[in-house]
Every structure is written in structure tokens, then in C-alpha cells.
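Data from my_file-v7.cif: mmCIF, C-alpha atoms
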```
data_work
#
loop_
_atom_site.label_atom_id
_atom_site.label_comp_id
_atom_site.auth_asym_id
_atom_site.auth_seq_id
_atom_site.Cartn_x
_atom_site.Cartn_y
_atom_site.Cartn_z
CA MET A 15 146.73 -233.09 96.89
CA PRO A 16 144.40 -232.82 99.90
CA ARG A 17 140.82 -232.10 99.01
CA ARG A 18 139.79 -228.51 99.58
CA PRO A 19 136.40 -226.79 99.76
CA VAL A 20 134.97 -225.57 96.47
CA ILE A 21 133.06 -222.28 96.54
CA ARG A 22 131.32 -221.70 93.21
CA THR A 23 129.11 -218.72 94.07
CA PRO A 24 129.23 -215.73 96.38
CA LEU A 25 127.95 -216.93 99.75
CA PRO A 26 125.14 -217.42 100.24
CA GLY A 27 124.27 -218.39 96.67
CA PRO A 28 120.90 -217.64 95.05
CA GLU A 29 119.33 -221.01 95.89
CA ALA A 30 120.53 -220.75 99.47
CA ILE A 31 119.17 -217.21 99.80
CA ALA A 32 115.74 -218.35 98.63
CA MET A 33 115.70 -221.19 101.17
CA VAL A 34 116.88 -218.93 104.00
CA ARG A 35 114.14 -216.41 103.28
CA ALA A 36 111.46 -219.10 103.08
CA ASN A 37 112.66 -220.64 106.34
CA GLU A 38 112.93 -217.42 108.32
CA ALA A 39 109.40 -216.42 107.35
CA VAL A 40 107.88 -219.39 109.16
CA VAL A 41 110.42 -220.81 111.66
CA SER A 42 110.90 -219.62 115.25
CA THR A 43 113.01 -216.52 115.71
CA SER A 44 114.70 -218.23 118.68
CA PHE A 45 116.96 -220.30 116.42
CA THR A 46 120.63 -219.28 116.31
CA ARG A 47 122.23 -219.37 112.88
CA ASP A 48 125.78 -218.02 112.84
CA TYR A 49 126.00 -217.98 109.06
CA PRO A 50 123.60 -218.76 106.18
CA LEU A 51 124.56 -222.34 105.41
CA VAL A 52 121.88 -224.37 103.65
CA ALA A 53 122.78 -228.07 103.76
CA VAL A 54 121.19 -230.36 101.19
CA ARG A 55 123.61 -233.29 101.26
CA GLY A 56 126.40 -234.65 103.42
CA GLU A 57 129.12 -237.24 103.00
CA GLY A 58 131.84 -237.97 105.54
CA SER A 59 133.26 -234.61 106.63
CA TRP A 60 131.71 -232.71 103.72
CA ILE A 61 128.51 -230.70 103.29
CA TYR A 62 127.00 -229.51 100.01
CA ASP A 63 124.63 -226.58 99.52
CA PRO A 64 121.97 -226.15 96.80
CA ASP A 65 124.26 -223.90 94.75
CA GLY A 66 126.95 -226.56 94.36
CA ASN A 67 129.30 -225.19 97.03
CA GLU A 68 131.31 -227.74 99.04
CA PHE A 69 132.24 -227.21 102.70
CA LEU A 70 134.59 -229.00 105.08
CA ASP A 71 132.58 -229.56 108.25
CA VAL A 72 134.29 -229.62 111.65
CA THR A 73 131.00 -229.18 113.53
CA SER A 74 129.47 -232.58 112.68
CA GLY A 75 126.06 -231.05 113.33
CA ILE A 76 127.15 -229.96 116.84
CA ALA A 77 129.08 -233.15 117.64
CA VAL A 78 126.29 -235.44 116.41
CA THR A 79 127.41 -237.22 113.22
CA ALA A 80 130.10 -239.24 114.98
CA THR A 81 130.50 -241.65 112.08
CA GLY A 82 130.46 -238.90 109.46
CA HIS A 83 127.58 -237.65 107.38
CA CYS A 84 125.55 -240.52 105.92
CA HIS A 85 127.95 -243.34 106.73
CA PRO A 86 126.88 -246.09 104.30
CA GLU A 87 126.66 -248.77 107.00
CA VAL A 88 124.51 -246.56 109.22
CA VAL A 89 122.29 -245.65 106.27
CA ALA A 90 121.89 -249.34 105.40
CA ALA A 91 120.93 -250.19 109.00
CA ILE A 92 118.33 -247.41 109.02
CA GLN A 93 116.91 -248.51 105.68
CA LYS A 94 116.62 -252.11 106.83
CA GLN A 95 114.90 -251.12 110.07
CA ALA A 96 112.56 -248.71 108.25
CA GLY A 97 111.31 -251.59 106.14
CA GLU A 98 110.55 -253.71 109.21
CA LEU A 99 109.28 -251.50 112.04
CA LEU A 100 109.27 -247.73 112.46
CA HIS A 101 107.52 -247.33 115.81
CA MET A 102 106.01 -249.29 118.64
CA SER A 103 106.73 -247.12 121.75
CA GLY A 104 109.44 -248.79 123.78
CA THR A 105 108.02 -247.74 127.14
CA ASP A 106 104.90 -249.87 126.51
CA PHE A 107 106.14 -252.69 124.29
CA TYR A 108 109.30 -254.57 123.38
CA TYR A 109 111.35 -254.82 120.18
CA PRO A 110 114.77 -256.24 119.34
CA ALA A 111 116.69 -253.09 118.38
CA GLN A 112 116.08 -251.41 121.75
CA THR A 113 116.90 -254.52 123.76
CA GLU A 114 120.13 -255.08 121.84
CA LEU A 115 121.19 -251.47 122.35
CA ALA A 116 120.37 -251.49 126.06
CA VAL A 117 122.39 -254.66 126.62
CA ARG A 118 125.39 -253.22 124.78
CA LEU A 119 125.33 -249.85 126.52
CA ALA A 120 124.85 -251.48 129.93
CA LYS A 121 128.15 -253.30 129.40
CA LEU A 122 129.90 -250.07 128.37
CA ALA A 123 128.43 -247.75 131.01
CA PRO A 124 131.18 -246.53 133.40
CA VAL A 125 128.79 -246.00 136.31
CA LYS A 126 129.49 -246.69 139.94
CA GLY A 127 128.15 -250.06 141.07
CA ALA A 128 127.79 -251.42 137.54
CA ASP A 129 128.57 -254.91 138.87
CA GLU A 130 125.05 -255.00 140.37
CA GLY A 131 123.58 -254.34 136.94
CA VAL A 132 122.90 -251.23 134.85
CA ARG A 133 119.55 -249.94 133.62
CA LEU A 134 118.86 -247.37 130.91
CA PHE A 135 116.15 -244.91 129.99
CA PHE A 136 116.00 -243.92 126.32
CA GLY A 137 114.87 -240.42 125.35
CA ASN A 138 114.90 -238.28 122.24
CA SER A 139 117.53 -235.67 123.09
CA GLY A 140 120.20 -234.61 125.52
CA ALA A 141 117.76 -232.30 127.27
CA GLU A 142 115.30 -235.14 127.74
CA GLY A 143 118.09 -237.32 129.08
CA MET A 144 118.99 -234.66 131.63
CA GLU A 145 115.34 -234.26 132.65
CA CYS A 146 115.37 -237.97 133.37
CA ALA A 147 118.60 -237.70 135.36
CA LEU A 148 117.26 -234.82 137.46
CA LYS A 149 114.01 -236.61 138.27
CA LEU A 150 115.82 -239.87 138.97
CA ALA A 151 118.31 -238.26 141.34
CA ARG A 152 115.53 -236.71 143.39
CA TRP A 153 113.48 -239.90 143.37
CA ALA A 154 116.37 -242.16 144.36
CA THR A 155 117.72 -239.97 147.16
CA LYS A 156 114.43 -238.48 148.40
CA ARG A 157 116.31 -235.18 148.49
CA THR A 158 115.68 -231.85 146.78
CA TYR A 159 118.83 -229.78 146.19
CA VAL A 160 121.01 -230.11 143.11
CA LEU A 161 124.44 -228.54 142.64
CA ALA A 162 125.30 -227.47 139.08
CA PHE A 163 128.10 -225.33 137.61
CA LEU A 164 128.49 -221.90 136.10
CA GLY A 165 129.10 -222.13 132.37
CA SER A 166 127.15 -225.36 132.09
CA PHE A 167 124.70 -226.28 129.36
CA HIS A 168 122.27 -229.15 129.91
CA GLY A 169 119.35 -228.28 127.64
CA ARG A 170 116.43 -225.90 127.25
CA THR A 171 113.50 -227.78 128.76
CA MET A 172 112.60 -226.45 132.19
CA GLY A 173 114.49 -228.94 134.34
CA ALA A 174 117.57 -228.99 132.11
CA LEU A 175 117.39 -225.22 131.77
CA SER A 176 117.38 -224.85 135.55
CA LEU A 177 120.74 -226.64 135.58
CA THR A 178 122.05 -224.54 132.67
CA SER A 179 124.07 -221.35 133.17
CA SER A 180 126.13 -220.76 130.05
CA LYS A 181 124.26 -217.69 128.69
CA VAL A 182 121.73 -215.39 130.31
CA ARG A 183 119.67 -215.31 127.10
CA GLN A 184 118.82 -218.95 127.62
CA ARG A 185 117.18 -218.17 130.98
CA GLU A 186 115.76 -214.66 130.74
CA ARG A 187 111.96 -214.33 130.98
CA PHE A 188 111.49 -218.04 131.66
CA GLY A 189 111.42 -217.91 135.45
CA PRO A 190 110.65 -219.14 137.94
CA LEU A 191 112.69 -222.18 137.04
CA VAL A 192 112.79 -225.48 138.92
CA PRO A 193 113.67 -224.64 142.54
CA GLY A 194 116.49 -226.18 144.51
CA VAL A 195 119.29 -225.77 141.93
CA VAL A 196 122.43 -224.02 143.19
CA HIS A 197 125.34 -223.07 140.91
CA THR A 198 129.01 -223.07 141.79
CA LEU A 199 132.38 -222.48 140.11
CA TYR A 200 133.63 -224.73 137.33
CA PRO A 201 137.44 -224.95 137.46
CA ASP A 202 138.99 -223.16 134.49
CA PRO A 203 142.79 -223.67 134.63
CA LEU A 204 143.44 -220.84 132.14
CA ARG A 205 141.61 -218.21 134.18
CA MET A 206 142.06 -219.57 137.69
CA GLY A 207 145.84 -219.88 137.96
CA GLY A 208 146.44 -223.40 136.72
CA GLU A 209 145.02 -226.81 137.55
CA LYS A 210 145.84 -226.94 141.27
CA ALA A 211 144.63 -223.41 141.98
CA ALA A 212 141.47 -223.91 139.93
CA THR A 213 140.65 -227.14 141.72
CA ALA A 214 141.27 -225.60 145.14
CA ALA A 215 139.11 -222.56 144.39
CA ALA A 216 136.21 -224.59 143.02
CA LEU A 217 136.24 -227.04 145.93
CA ALA A 218 136.49 -224.22 148.47
CA HIS A 219 133.39 -222.62 146.97
CA ILE A 220 131.44 -225.85 147.32
CA GLU A 221 132.43 -226.12 150.98
CA GLU A 222 131.36 -222.49 151.46
CA LEU A 223 127.96 -223.32 149.98
CA PHE A 224 127.66 -226.24 152.40
CA GLN A 225 128.21 -223.76 155.26
CA THR A 226 125.79 -221.12 153.99
CA ILE A 227 122.90 -221.96 151.63
CA LEU A 228 123.17 -225.64 150.63
CA PRO A 229 122.49 -228.24 153.35
CA PRO A 230 124.72 -231.17 152.37
CA ASP A 231 122.33 -233.74 153.86
CA GLU A 232 119.62 -232.43 151.51
CA LEU A 233 121.79 -232.60 148.39
CA ALA A 234 120.39 -235.03 145.84
CA ALA A 235 123.07 -234.69 143.18
CA ILE A 236 126.06 -232.88 141.79
CA VAL A 237 125.54 -232.46 138.04
CA LEU A 238 128.27 -231.49 135.58
CA GLU A 239 129.83 -232.02 132.19
CA PRO A 240 133.20 -233.78 132.58
CA ILE A 241 134.28 -231.40 129.81
CA GLN A 242 132.18 -228.29 129.43
CA GLY A 243 130.78 -228.04 125.91
CA GLU A 244 128.68 -224.95 125.27
CA GLY A 245 130.55 -223.30 128.14
CA GLY A 246 133.78 -223.14 126.15
CA TYR A 247 135.30 -226.63 125.80
CA VAL A 248 136.86 -226.27 129.24
CA VAL A 249 138.72 -229.36 130.47
CA PRO A 250 138.70 -229.60 134.28
CA PRO A 251 141.55 -231.18 136.22
CA ASP A 252 141.11 -234.90 136.82
CA ASP A 253 141.65 -234.31 140.53
CA PHE A 254 138.59 -232.09 140.59
CA LEU A 255 136.36 -234.88 139.29
CA ARG A 256 137.88 -237.27 141.82
CA SER A 257 137.15 -234.79 144.59
CA LEU A 258 133.52 -234.47 143.49
CA ARG A 259 133.21 -238.24 143.67
CA ALA A 260 134.54 -238.12 147.22
CA ILE A 261 132.15 -235.32 148.19
CA CYS A 262 129.15 -237.23 146.88
CA ASP A 263 130.21 -240.34 148.75
CA ARG A 264 130.67 -238.29 151.92
CA VAL A 265 127.29 -236.54 151.89
CA GLY A 266 125.23 -239.29 150.27
CA ALA A 267 124.52 -237.46 147.00
CA LEU A 268 124.61 -238.85 143.48
CA LEU A 269 127.21 -237.77 140.94
CA VAL A 270 125.64 -237.10 137.53
CA PHE A 271 127.75 -236.70 134.40
CA ASP A 272 126.29 -235.01 131.35
CA GLU A 273 128.18 -236.68 128.50
CA VAL A 274 125.73 -235.52 125.86
CA GLN A 275 128.52 -233.84 123.90
CA SER A 276 131.66 -235.45 125.31
CA GLY A 277 130.50 -239.06 125.14
CA MET A 278 130.33 -241.71 122.42
CA GLY A 279 134.00 -241.60 121.50
CA ARG A 280 134.32 -237.84 121.10
CA THR A 281 137.38 -237.61 123.39
CA GLY A 282 139.08 -240.81 122.22
CA ARG A 283 137.44 -242.92 124.88
CA MET A 284 133.84 -244.02 124.87
CA PHE A 285 133.09 -241.54 127.66
CA ALA A 286 135.16 -238.55 128.76
CA CYS A 287 134.99 -239.52 132.45
CA GLU A 288 137.12 -242.56 131.65
CA HIS A 289 140.17 -240.30 131.29
CA SER A 290 140.01 -239.54 135.02
CA GLY A 291 138.81 -242.95 136.14
CA VAL A 292 135.86 -241.33 137.94
CA LYS A 293 132.57 -243.22 137.77
CA PRO A 294 129.32 -241.29 138.16
CA ASP A 295 126.10 -242.69 139.59
CA ILE A 296 124.13 -241.48 136.56
CA LEU A 297 125.47 -240.81 133.07
CA VAL A 298 123.63 -239.22 130.13
CA ALA A 299 124.70 -239.75 126.53
CA ALA A 300 123.13 -238.37 123.35
CA LYS A 301 124.32 -236.43 120.26
CA GLY A 302 126.77 -238.90 118.65
CA ILE A 303 124.99 -241.98 119.94
CA ALA A 304 122.95 -242.61 116.76
CA SER A 305 124.98 -240.79 114.08
CA GLY A 306 122.32 -238.16 113.50
CA LEU A 307 119.05 -239.71 114.61
CA PRO A 308 117.44 -238.35 117.80
CA LEU A 309 118.30 -240.50 120.80
CA SER A 310 119.57 -240.20 124.36
CA ALA A 311 120.43 -242.77 127.00
CA THR A 312 120.35 -242.14 130.73
CA MET A 313 122.31 -244.87 132.53
CA ALA A 314 122.47 -245.80 136.22
CA ARG A 315 123.07 -248.83 138.37
CA ALA A 316 119.99 -250.95 138.92
CA SER A 317 119.41 -249.90 142.54
CA VAL A 318 119.25 -246.24 141.52
CA MET A 319 117.01 -246.75 138.47
CA SER A 320 114.42 -248.78 140.36
CA TRP A 321 111.46 -246.41 140.15
CA PRO A 322 108.00 -247.92 139.62
CA PRO A 323 106.13 -248.21 136.30
CA GLY A 324 104.71 -244.86 135.24
CA ALA A 325 107.22 -242.77 137.20
CA HIS A 326 108.87 -241.72 133.94
CA ALA A 327 108.19 -242.62 130.31
CA THR A 328 108.28 -241.39 126.71
CA THR A 329 106.45 -242.11 123.46
CA PHE A 330 109.23 -241.77 120.91
CA GLY A 331 112.41 -242.27 122.96
CA GLY A 332 114.42 -245.31 121.93
CA ASN A 333 112.36 -245.85 118.79
CA PRO A 334 113.40 -248.73 116.49
CA LEU A 335 114.96 -246.50 113.83
CA ALA A 336 117.21 -244.58 116.24
CA CYS A 337 118.21 -247.78 118.05
CA ALA A 338 119.18 -249.45 114.78
CA ALA A 339 121.38 -246.47 113.93
CA ALA A 340 122.90 -246.52 117.42
CA ASN A 341 123.71 -250.23 117.23
CA LYS A 342 125.56 -249.70 113.97
CA THR A 343 127.29 -246.63 115.43
CA LEU A 344 128.60 -248.79 118.29
CA ASP A 345 129.89 -251.32 115.76
CA LEU A 346 131.89 -248.59 114.01
CA LEU A 347 133.17 -247.01 117.22
CA ASP A 348 134.38 -250.37 118.41
CA GLU A 349 136.21 -251.09 115.18
CA SER A 350 138.39 -248.03 114.60
CA LEU A 351 136.85 -244.66 115.32
CA LEU A 352 137.93 -244.41 118.95
CA ALA A 353 141.52 -244.78 117.84
CA ASN A 354 141.02 -242.18 115.12
CA ALA A 355 139.54 -239.78 117.66
CA ARG A 356 142.67 -240.14 119.79
CA THR A 357 145.26 -239.83 117.04
CA GLY A 358 143.25 -237.29 115.07
CA GLY A 359 142.74 -235.17 118.16
CA GLU A 360 146.46 -235.19 118.89
CA ALA A 361 147.18 -234.20 115.30
CA LEU A 362 144.59 -231.41 115.41
CA ILE A 363 145.95 -229.90 118.63
CA ASP A 364 149.54 -230.23 117.41
CA ALA A 365 148.70 -228.55 114.10
CA LEU A 366 146.80 -225.71 115.79
CA ARG A 367 149.61 -225.11 118.26
CA ALA A 368 152.27 -225.22 115.54
CA ARG A 369 150.37 -222.69 113.44
CA LEU A 370 148.76 -220.50 116.10
CA GLY A 371 150.41 -221.27 119.43
CA ASP A 372 152.20 -217.89 119.48
CA HIS A 373 149.36 -215.89 117.94
CA PRO A 374 148.71 -212.77 120.07
CA ARG A 375 144.94 -213.33 120.00
CA VAL A 376 145.01 -217.02 120.94
CA ALA A 377 144.96 -217.56 124.70
CA ASP A 378 144.56 -221.32 124.78
CA ILE A 379 144.29 -224.41 122.59
CA ARG A 380 142.83 -227.23 124.63
CA GLY A 381 140.79 -230.39 124.49
CA ARG A 382 140.72 -234.15 124.46
CA GLY A 383 140.38 -236.26 121.37
CA LEU A 384 138.29 -234.53 118.73
CA MET A 385 136.79 -232.08 121.21
CA VAL A 386 139.11 -229.09 120.82
CA GLY A 387 138.62 -225.44 121.72
CA VAL A 388 140.59 -222.34 120.68
CA GLU A 389 140.01 -219.37 122.99
CA LEU A 390 140.37 -215.90 121.46
CA VAL A 391 141.24 -212.77 123.45
CA THR A 392 142.09 -209.13 122.89
CA ASP A 393 145.57 -209.83 124.26
CA ARG A 394 147.31 -212.67 126.07
CA THR A 395 148.36 -210.59 129.07
CA THR A 396 144.95 -209.57 130.36
CA LEU A 397 143.07 -212.53 128.82
CA ALA A 398 140.23 -210.15 128.04
CA ARG A 399 137.62 -212.12 126.12
CA ASP A 400 136.97 -211.16 122.50
CA PRO A 401 133.58 -212.51 121.43
CA ASP A 402 133.41 -210.12 118.48
CA LEU A 403 136.63 -211.51 117.01
CA ARG A 404 135.37 -215.05 117.58
CA ASN A 405 132.14 -214.31 115.72
CA ARG A 406 133.97 -212.66 112.82
CA VAL A 407 136.34 -215.61 112.51
CA VAL A 408 133.42 -218.07 112.39
CA THR A 409 131.93 -216.09 109.50
CA ALA A 410 135.26 -215.69 107.72
CA ALA A 411 135.84 -219.44 107.97
CA PHE A 412 132.44 -220.07 106.36
CA GLU A 413 133.38 -217.77 103.51
CA ARG A 414 136.48 -219.94 102.97
CA GLY A 415 134.45 -223.16 102.97
CA LEU A 416 135.07 -224.25 106.58
CA LEU A 417 132.13 -224.90 108.90
CA ILE A 418 132.97 -224.17 112.55
CA LEU A 419 131.00 -222.96 115.56
CA GLY A 420 131.65 -220.96 118.68
CA CYS A 421 131.14 -222.00 122.29
CA GLY A 422 131.38 -220.11 125.53
CA ARG A 423 131.79 -216.36 125.15
CA ASN A 424 134.95 -216.31 123.05
CA THR A 425 135.98 -219.85 122.11
CA ILE A 426 135.81 -221.67 118.79
CA ARG A 427 135.09 -225.38 118.90
CA PHE A 428 136.41 -228.11 116.64
CA ALA A 429 134.11 -231.13 116.86
CA PRO A 430 134.53 -232.97 113.56
CA SER A 431 133.22 -236.40 112.76
CA LEU A 432 135.37 -239.15 114.21
CA THR A 433 136.05 -240.28 110.65
CA ILE A 434 137.99 -237.11 109.77
CA THR A 435 141.29 -237.76 107.97
CA ARG A 436 144.71 -236.25 108.62
CA ASP A 437 144.55 -234.35 105.32
CA GLU A 438 141.14 -232.91 106.27
CA ILE A 439 142.54 -231.83 109.64
CA ASP A 440 145.42 -230.03 107.93
CA VAL A 441 143.05 -228.24 105.55
CA ALA A 442 140.76 -227.24 108.43
CA VAL A 443 143.67 -225.76 110.40
CA GLU A 444 144.92 -223.90 107.32
CA LEU A 445 141.50 -222.37 106.60
CA PHE A 446 140.91 -221.49 110.25
CA ALA A 447 144.32 -219.84 110.56
CA SER A 448 143.64 -217.85 107.39
CA ALA A 449 140.31 -216.63 108.78
CA LEU A 450 141.86 -215.70 112.13
CA GLU A 451 144.79 -213.89 110.60
CA ALA A 452 142.47 -211.95 108.28
CA GLU A 453 140.18 -210.86 111.10
CA SER A 454 142.73 -210.24 113.86
CA GLY A 455 143.69 -206.82 112.55
CA ARG A 456 140.13 -205.62 112.01
CA LYS A 457 137.79 -203.87 114.40
#
```
Go through the file and emit its structure as C-alpha cells.
Amino acid sequence: MPRRPVIRTPLPGPEAIAMVRANEAVVSTSFTRDYPLVAVRGEGSWIYDPDGNEFLDVTSGIAVTATGHCHPEVVAAIQKQAGELLHMSGTDFYYPAQTELAVRLAKLAPVKGADEGVRLFFGNSGAEGMECALKLARWATKRTYVLAFLGSFHGRTMGALSLTSSKVRQRERFGPLVPGVVHTLYPDPLRMGGEKAATAAALAHIEELFQTILPPDELAAIVLEPIQGEGGYVVPPDDFLRSLRAICDRVGALLVFDEVQSGMGRTGRMFACEHSGVKPDILVAAKGIASGLPLSATMARASVMSWPPGAHATTFGGNPLACAAANKTLDLLDESLLANARTGGEALIDALRARLGDHPRVADIRGRGLMVGVELVTDRTTLARDPDLRNRVVTAAFERGLLILGCGRNTIRFAPSLTITRDEIDVAVELFASALEAESGRK
């Protein structure tokens, strides 16, 4: 019998309620908690709360715990490193764990011109990695303008936020933001008439910008997620990414891929851009890179990342503990988890389509590997978005012991650990379908 969640108390339980109240009294009101989960322990694809309730987790901490919660080999690597060296600031000194990780990632980085050598900058988060990419693109090209995409999410620090456009709440009352960022259409095949039409419309809009407000010879970079994450798990056509590569080559701009969420095996390949064969000039990875420890890596060919000492640095980025976890994560990805992401992702999409493919409130089931989105609508004819239904389903799933999250305005994301089993996938689909069917008839 497949293992199922065990809910022992009404949710949230008394211990969880006490922790929620204590937390909310002192923690920023800007945090977004969709449901009152209190996590005290994790193992594989499972989370435990203080009241003894057990949850099947298909969020993996927002696509972070790539090797599962507390993978014993990752834990052992962290413990070993913690007993040897916790910190020595990698932008001022040297230590083995960072060097080893940089060498390994440089060999894996699918960046244009990698044969001349690849360099990396280690930060603490995806946002910090994108700040690095933005600064580097302007420094390397001596240009100002940056083209980003509607629906994108790149982080909440001021540079990354200036690139971000997934929700107005993330930007309101923080202006003026970093100048020189222009946003354009991201191709959404569901809502733009299919892959060819979506690609044509998005490319036409870029050419219109080049004729009106965006001088192409002043464009430093085109920045995008090769699969939009927070924007709704939207998978663009491969031809669109190839066309962006051609545009950058034509106008002398750099192509920057934000693989914070889609990288590190999430899509069944080490980086999502490998599905299309398109190589960016700069690539940013984070989230799953260290199985839960804070780390990002901004990668570029050596001639691009050739800025002088002091141009960019960090105190904690690439610290020994995070690098040790990342090195072990790469070991595990290389062994079997990429294959599991591919086959598990196929099984997840097949199971969702078999169970919900004809559901009147499901407009699309899409994704690559274990990065899968289910878009919910009021009806499939108009494709009118239904964020209220999405939010109710997320809560109803929690009540059944399934941890999921939304993305975009009306999509639910499945981003489980890459260790998830076929039985766990089947249970997740069953619980999700139950929550959707229960909420579909309610207002």
C-alpha cells in the first residue's frame, strides 16, 4: 500500500497554532503564508508538524530541496564541513569546497563560449545571483538598457525587482526602481493561439520596441526564465529561445537565463535551456543547488566575467557549508536524480492528464520534468482565470495532507523533490484531484 499522509488533529493543531501566533507577533507582515503549516522535521518527500501530522510535500520548499528533505549524504557532508570550517569569506580568501564546486559547475555550465573558460560568482540567493547578472551585463557591454518579460520573477532586491513583473504587489510603493528596464511579452501558447502564434507575437513586440523606445545598440541584455516559475510555470516554445539568441547576436546584447527555479535537474536536464539547445551568455542557478542551504551561482564565459577586483563581492556567498552541500548535491544529481526527474515528470503529467485532463476547470497541464503546472479557469471556452478556485484548492489540499503552492494568477505548481517515488506521485495526484473536485462546485 502506498504511504499516505496522516492527519491526527484538526489543522492547524494546538502546537502549530501556538507557533503561528508567536511567529506572526514578531515576523514581518510581508511574508506570504498560504496555509498554517508549521514544519519541524522533514525526510524525503515528507514533512512533519509539531502535532504529529504527516504531509506529502510537492513544493520541496519552493523547488529547493532537490535531493529531498535531509538527504543523509547531504547531511553528512554538512556535518563534516561544519566540524572543519564554517566561514572564511570566499571573496577574500580561498578554501577547497568553493574551488571544487566552481570547477565542477564550470564544466557543466551551458554558456556560450564555454570553450574559452567559464567563471562563477557565488551568492546567497537567486535574487543576489540576478543582481550580479544585471551588473555584469552592464559592465561587460558598457550599455544600459535591459529587456525583461511580463510575468517574470527574478527576486525582490532592487535590481532583481526592477526585472520582475509577476505581481503588482511586489513593486508597489518601491519606486523609482532601477532605470533602463523595459518589459515585453512572454509567449504563452495557451493564451496566444499556440506555439507558432505565441512566438510570432512575442518577437513582433520586441521588434516594435526596437523601433519605438528601446535602442537596440544600447541594449545590454535580454533577461528571462527559460520556463517561467512564479509567473505560472509557462513553457515557451524552443523556437522563441532560439530567436532570442539570434537577436542578441545581431544587436550585440547578452542573453541572460534565470535558472534559479528551473535549473539543477528540475526539468530532467541539469538546466532547462538544454532542452532547446540555446546557450546564454550568463546563467544564474540557485534554489536546488545546495539541497536547502543558501547559495547561488552566476556563470559566464571568462571574457564576460572579467571585471576587476572590488567590482562585485559578497561576505557570505559561497560559504564552505553551502559549497559542501552543493558538491554532494551534484554527486546525487549525477548518479540518478536527473533520470528520476525525467521519468517522474512524465508519470506526473500522465497521471494528472488521465485524472483531470477533461475537467471543466482545468485549462492546461504543462511542464518539463518535475516542474509541472495546472492552470485553473472558470471555464475552458473563455479561459477566464480563476485565482479564487486556485487558492481554495491549495488550502483544501493542505487539509488532506498535501503541500502544494500556487504560481501566476491561477496556476498550481508541482515542484517535488527529485527523489519523489512513483507511489508518492500517485498519492499526490489523488489528493490534488480530490481537493479540486471538492472545491470546483463551490463559490
Margin query: Take the PyMOL selection byres ((chain A and resi 452) around 12), run it mentally on this structure, and tell me the resulting residues as a PyMOL selection string.
Written below: chain A and resi 403+406-411+413-414+445-451+453-457
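Nearest-residue note for Pro203 of chain A: choosing from A:Ala299, A:Ala377, A:Cys337, A:Ile426, the minimum distance belongs to A:Ala377, counting only C-alpha atoms.
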Margin query: Quick one: residues within 9 Å of Lys149 of chain A, all atoms listed in the file, excluding same-chain residues fewer than 4 positions away - as a PyMOL selection string?
Written below: chain A and resi 144-145+153-154+173+326
Note to self: With the PyMOL selection byres ((chain A and resi 212-229) around 8) as the selection, what would be picked from this file? Answer as a PyMOL selection string, please.
What the structure shows: chain A and resi 159+196+198-203+206-211+230-233+251+253-254+257
Given the file above and the PyMOL selection byres ((chain A and resi 298) around 7), which residues are selected, and can you give them as a PDB file with C-alpha atoms, in the coordinates of the input?
```pdb
ATOM      1  CA  GLY A 143     118.090-237.320 129.080  1.00  0.00           C
ATOM      2  CA  MET A 144     118.990-234.660 131.630  1.00  0.00           C
ATOM      3  CA  PHE A 271     127.750-236.700 134.400  1.00  0.00           C
ATOM      4  CA  ASP A 272     126.290-235.010 131.350  1.00  0.00           C
ATOM      5  CA  GLU A 273     128.180-236.680 128.500  1.00  0.00           C
ATOM      6  CA  VAL A 274     125.730-235.520 125.860  1.00  0.00           C
ATOM      7  CA  ILE A 296     124.130-241.480 136.560  1.00  0.00           C
ATOM      8  CA  LEU A 297     125.470-240.810 133.070  1.00  0.00           C
ATOM      9  CA  ALA A 299     124.700-239.750 126.530  1.00  0.00           C
ATOM     10  CA  ALA A 300     123.130-238.370 123.350  1.00  0.00           C
ATOM     11  CA  ALA A 311     120.430-242.770 127.000  1.00  0.00           C
ATOM     12  CA  THR A 312     120.350-242.140 130.730  1.00  0.00           C
ATOM     13  CA  MET A 313     122.310-244.870 132.530  1.00  0.00           C
TER      14      MET A 313
END
```
Next item on the list: Could you tell me which of A:Arg17, A:Arg283, A:Arg436, A:Arg185 comes closest to Arg382 of chain A if we count all atoms listed in the file?
Entry: A:Arg283
Next item on the list: Tell me which of A:Thr392, A:Asn138, A:Thr357, A:Ser276 sits closest to Ile76 of chain A, counting all atoms listed in the file.
Entry: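 Using all atoms listed in the file, the shortest distance to Ile76 of chain A belongs to A:Ser276.
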